[in-house]
Amino acid sequence: MRLIGADGEQVGVVPIEEAQKAAREAGLDLVEVAATARPPVVKVMDYGKYRFEQAKAARAARKKQHNIQVKEVKYRPGISEHDFEFKTRHARTFLEEGNKVKLTMMFRGRQVTHPELGKEVLDRVYAAVEDVAKIEMTPRLEGRNMTMVLAPK
């Protein structure tokens, strides 16, 4: 076995009994780090402390990552100016937080016969948030709804 000491220095190739004895004398564990190598590599270390450090590093990495969510904002073709600005302001804050925004244009009754009116509203929304968003999915009519997805820049 190739033995690596507790301080990280290579001791050399030693029999397994001698490696176990060195670990016992140091009051630490003997851990196999490379089983497929010839000869196998073992290291004298505190395995509990090593596992704790690994878990701590994994927690820190998980803490730093940001989960991107898809937030939905629903519009209607005949939306009033105030409602349009209010909903668009929400879409902007979602984009600034780093989330994607799904814009849904809902048609009722015969409104679906004029999808261009809904597309105009969605284009106005994109024009209003163009500085913080890019189009991920262009407007697409699916049944009575037209959807468009914006992603943060």
# chains A, B, ... in the order shown; residues from 1 in each chain; ligands from 1

$ residues_around --residues "Gln111 (chain A)" --least-positions-apart "2" --cutoff "12 Å" --atoms "only C-alpha atoms" --output "count of residues only"
18

$ select_by_dssp --residues "chain A" --states "helix (DSSP H, G or I)" --output "ChimeraX atom specification"
/A:16-26,47-64,81-96,109-113,115-128

$ atom_distance --atom1 "CA of Phe84 (chain A)" --atom2 "CA of Gly98 (chain A)"
21.4 Å

$ atom_distance --atom1 "CA of Gly48 (chain A)" --atom2 "CA of Arg62 (chain A)"
21.2 Å

$ residues_around --residues "region 125-129 of chain A" --least-positions-apart "2" --cutoff "9 Å" --atoms "only C-alpha atoms" --output "MDAnalysis selection string"
chainID A and resid 84:85 88:89 91:92 95 103 120:123 131:135 150

$ write_last_selection --atoms "N, CA and C atoms" --output "PDB file, in the first residue's frame"
ATOM      1  N   PHE A  84     -52.448  47.296 -16.759  1.00  0.00           N
ATOM      2  CA  PHE A  84     -51.286  46.928 -17.579  1.00  0.00           C
ATOM      3  C   PHE A  84     -49.987  47.340 -16.875  1.00  0.00           C
ATOM      4  N   GLU A  85     -49.930  48.579 -16.393  1.00  0.00           N
ATOM      5  CA  GLU A  85     -48.720  49.074 -15.724  1.00  0.00           C
ATOM      6  C   GLU A  85     -48.454  48.306 -14.426  1.00  0.00           C
ATOM      7  N   THR A  88     -47.231  44.788 -15.300  1.00  0.00           N
ATOM      8  CA  THR A  88     -45.910  44.873 -15.925  1.00  0.00           C
ATOM      9  C   THR A  88     -44.844  45.203 -14.885  1.00  0.00           C
ATOM     10  N   ARG A  89     -45.216  46.013 -13.895  1.00  0.00           N
ATOM     11  CA  ARG A  89     -44.281  46.321 -12.811  1.00  0.00           C
ATOM     12  C   ARG A  89     -43.933  45.047 -12.030  1.00  0.00           C
ATOM     13  N   ALA A  91     -44.001  41.980 -13.295  1.00  0.00           N
ATOM     14  CA  ALA A  91     -43.149  41.189 -14.192  1.00  0.00           C
ATOM     15  C   ALA A  91     -41.714  41.700 -14.126  1.00  0.00           C
ATOM     16  N   ARG A  92     -41.536  43.010 -14.079  1.00  0.00           N
ATOM     17  CA  ARG A  92     -40.194  43.597 -14.004  1.00  0.00           C
ATOM     18  C   ARG A  92     -39.485  43.182 -12.721  1.00  0.00           C
ATOM     19  N   LEU A  95     -38.295  39.613 -12.949  1.00  0.00           N
ATOM     20  CA  LEU A  95     -37.114  39.511 -13.815  1.00  0.00           C
ATOM     21  C   LEU A  95     -35.872  40.032 -13.101  1.00  0.00           C
ATOM     22  N   LEU A 103     -45.749  35.093 -19.539  1.00  0.00           N
ATOM     23  CA  LEU A 103     -46.855  36.018 -19.778  1.00  0.00           C
ATOM     24  C   LEU A 103     -47.968  35.229 -20.444  1.00  0.00           C
ATOM     25  N   GLU A 120     -50.375  42.198 -29.518  1.00  0.00           N
ATOM     26  CA  GLU A 120     -49.978  43.605 -29.343  1.00  0.00           C
ATOM     27  C   GLU A 120     -49.715  43.908 -27.866  1.00  0.00           C
ATOM     28  N   VAL A 121     -50.577  43.416 -26.983  1.00  0.00           N
ATOM     29  CA  VAL A 121     -50.394  43.645 -25.543  1.00  0.00           C
ATOM     30  C   VAL A 121     -49.099  42.988 -25.074  1.00  0.00           C
ATOM     31  N   LEU A 122     -48.838  41.749 -25.512  1.00  0.00           N
ATOM     32  CA  LEU A 122     -47.609  41.059 -25.111  1.00  0.00           C
ATOM     33  C   LEU A 122     -46.374  41.789 -25.636  1.00  0.00           C
ATOM     34  N   ASP A 123     -46.472  42.324 -26.855  1.00  0.00           N
ATOM     35  CA  ASP A 123     -45.354  43.097 -27.405  1.00  0.00           C
ATOM     36  C   ASP A 123     -45.126  44.379 -26.597  1.00  0.00           C
ATOM     37  N   ASP A 131     -35.233  46.268 -21.225  1.00  0.00           N
ATOM     38  CA  ASP A 131     -33.907  46.526 -20.660  1.00  0.00           C
ATOM     39  C   ASP A 131     -33.455  45.450 -19.674  1.00  0.00           C
ATOM     40  N   VAL A 132     -34.388  44.678 -19.096  1.00  0.00           N
ATOM     41  CA  VAL A 132     -34.015  43.640 -18.133  1.00  0.00           C
ATOM     42  C   VAL A 132     -34.362  42.232 -18.601  1.00  0.00           C
ATOM     43  N   ALA A 133     -34.973  42.090 -19.786  1.00  0.00           N
ATOM     44  CA  ALA A 133     -35.438  40.767 -20.222  1.00  0.00           C
ATOM     45  C   ALA A 133     -35.080  40.484 -21.662  1.00  0.00           C
ATOM     46  N   LYS A 134     -35.054  39.187 -21.962  1.00  0.00           N
ATOM     47  CA  LYS A 134     -34.928  38.744 -23.347  1.00  0.00           C
ATOM     48  C   LYS A 134     -36.000  37.689 -23.589  1.00  0.00           C
ATOM     49  N   ILE A 135     -36.431  37.563 -24.822  1.00  0.00           N
ATOM     50  CA  ILE A 135     -37.497  36.615 -25.148  1.00  0.00           C
ATOM     51  C   ILE A 135     -36.914  35.209 -25.197  1.00  0.00           C
ATOM     52  N   LEU A 150     -40.351  35.167 -20.878  1.00  0.00           N
ATOM     53  CA  LEU A 150     -39.225  36.108 -20.840  1.00  0.00           C
ATOM     54  C   LEU A 150     -38.225  35.613 -19.799  1.00  0.00           C
TER      55      LEU A 150
END

$ atom_distance --atom1 "CA of Lys56 (chain A)" --atom2 "CA of Val41 (chain A)"
25.2 Å

$ closest_residue --among "A:Ile79, A:Val73, A:Leu28, A:Val112" --to "Met148 (chain A)" --atoms "only C-alpha atoms"
A:Val73

$ select_by_dssp --residues "chain A" --states "strand (DSSP E)" --output "number ranges by chain"
A: 2-4, 10-13, 29-34, 41-45, 70-75, 100-106, 133-142, 145-152

$ residues_around --residues "His66 (chain A)" --least-positions-apart "3" --cutoff "12 Å" --atoms "only C-alpha atoms" --output "PyMOL selection string"
chain A and resi 61-63+69+97-99

$ residues_around --residues "Asp7 (chain A)" --least-positions-apart "4" --cutoff "10 Å" --atoms "only C-alpha atoms" --output "ChimeraX atom specification"
/A:43-45

$ decode --residues "region 70-119 of chain A" --atoms "C-alpha atoms" --output "PDB file, in the first residue's frame"
ATOM      1  CA  VAL A  70     -41.067  30.618 -13.542  1.00  0.00           C
ATOM      2  CA  LYS A  71     -43.497  33.286 -12.370  1.00  0.00           C
ATOM      3  CA  GLU A  72     -46.722  33.829 -14.302  1.00  0.00           C
ATOM      4  CA  VAL A  73     -48.434  37.133 -15.061  1.00  0.00           C
ATOM      5  CA  LYS A  74     -51.864  36.975 -16.730  1.00  0.00           C
ATOM      6  CA  TYR A  75     -53.239  39.613 -19.091  1.00  0.00           C
ATOM      7  CA  ARG A  76     -56.463  40.123 -21.063  1.00  0.00           C
ATOM      8  CA  PRO A  77     -56.716  41.723 -24.543  1.00  0.00           C
ATOM      9  CA  GLY A  78     -58.816  44.701 -23.365  1.00  0.00           C
ATOM     10  CA  ILE A  79     -56.674  45.494 -20.309  1.00  0.00           C
ATOM     11  CA  SER A  80     -56.889  49.023 -18.866  1.00  0.00           C
ATOM     12  CA  GLU A  81     -53.765  51.172 -18.732  1.00  0.00           C
ATOM     13  CA  HIS A  82     -53.475  51.078 -14.939  1.00  0.00           C
ATOM     14  CA  ASP A  83     -53.830  47.287 -14.771  1.00  0.00           C
ATOM     15  CA  PHE A  84     -51.286  46.928 -17.579  1.00  0.00           C
ATOM     16  CA  GLU A  85     -48.720  49.074 -15.724  1.00  0.00           C
ATOM     17  CA  PHE A  86     -49.387  47.304 -12.409  1.00  0.00           C
ATOM     18  CA  LYS A  87     -48.899  43.810 -13.857  1.00  0.00           C
ATOM     19  CA  THR A  88     -45.910  44.873 -15.925  1.00  0.00           C
ATOM     20  CA  ARG A  89     -44.281  46.321 -12.811  1.00  0.00           C
ATOM     21  CA  HIS A  90     -44.680  42.894 -11.154  1.00  0.00           C
ATOM     22  CA  ALA A  91     -43.149  41.189 -14.192  1.00  0.00           C
ATOM     23  CA  ARG A  92     -40.194  43.597 -14.004  1.00  0.00           C
ATOM     24  CA  THR A  93     -39.551  42.833 -10.322  1.00  0.00           C
ATOM     25  CA  PHE A  94     -39.675  39.083 -11.021  1.00  0.00           C
ATOM     26  CA  LEU A  95     -37.114  39.511 -13.815  1.00  0.00           C
ATOM     27  CA  GLU A  96     -34.865  41.682 -11.641  1.00  0.00           C
ATOM     28  CA  GLU A  97     -34.923  38.959  -8.944  1.00  0.00           C
ATOM     29  CA  GLY A  98     -33.548  36.562 -11.578  1.00  0.00           C
ATOM     30  CA  ASN A  99     -36.736  34.592 -12.244  1.00  0.00           C
ATOM     31  CA  LYS A 100     -38.289  33.778 -15.602  1.00  0.00           C
ATOM     32  CA  VAL A 101     -41.701  35.256 -16.376  1.00  0.00           C
ATOM     33  CA  LYS A 102     -44.456  33.487 -18.289  1.00  0.00           C
ATOM     34  CA  LEU A 103     -46.855  36.018 -19.778  1.00  0.00           C
ATOM     35  CA  THR A 104     -50.287  34.518 -20.397  1.00  0.00           C
ATOM     36  CA  MET A 105     -52.857  36.284 -22.553  1.00  0.00           C
ATOM     37  CA  MET A 106     -56.292  34.867 -21.734  1.00  0.00           C
ATOM     38  CA  PHE A 107     -59.035  35.119 -24.354  1.00  0.00           C
ATOM     39  CA  ARG A 108     -62.743  34.791 -23.559  1.00  0.00           C
ATOM     40  CA  GLY A 109     -65.552  34.007 -25.950  1.00  0.00           C
ATOM     41  CA  ARG A 110     -65.029  35.537 -29.368  1.00  0.00           C
ATOM     42  CA  GLN A 111     -61.871  37.396 -28.345  1.00  0.00           C
ATOM     43  CA  VAL A 112     -59.911  34.391 -29.606  1.00  0.00           C
ATOM     44  CA  THR A 113     -60.879  35.332 -33.186  1.00  0.00           C
ATOM     45  CA  HIS A 114     -58.566  38.371 -32.859  1.00  0.00           C
ATOM     46  CA  PRO A 115     -55.276  37.003 -31.505  1.00  0.00           C
ATOM     47  CA  GLU A 116     -53.419  39.999 -32.937  1.00  0.00           C
ATOM     48  CA  LEU A 117     -54.924  42.172 -30.155  1.00  0.00           C
ATOM     49  CA  GLY A 118     -53.401  39.879 -27.541  1.00  0.00           C
ATOM     50  CA  LYS A 119     -50.058  39.801 -29.351  1.00  0.00           C
TER      51      LYS A 119
END
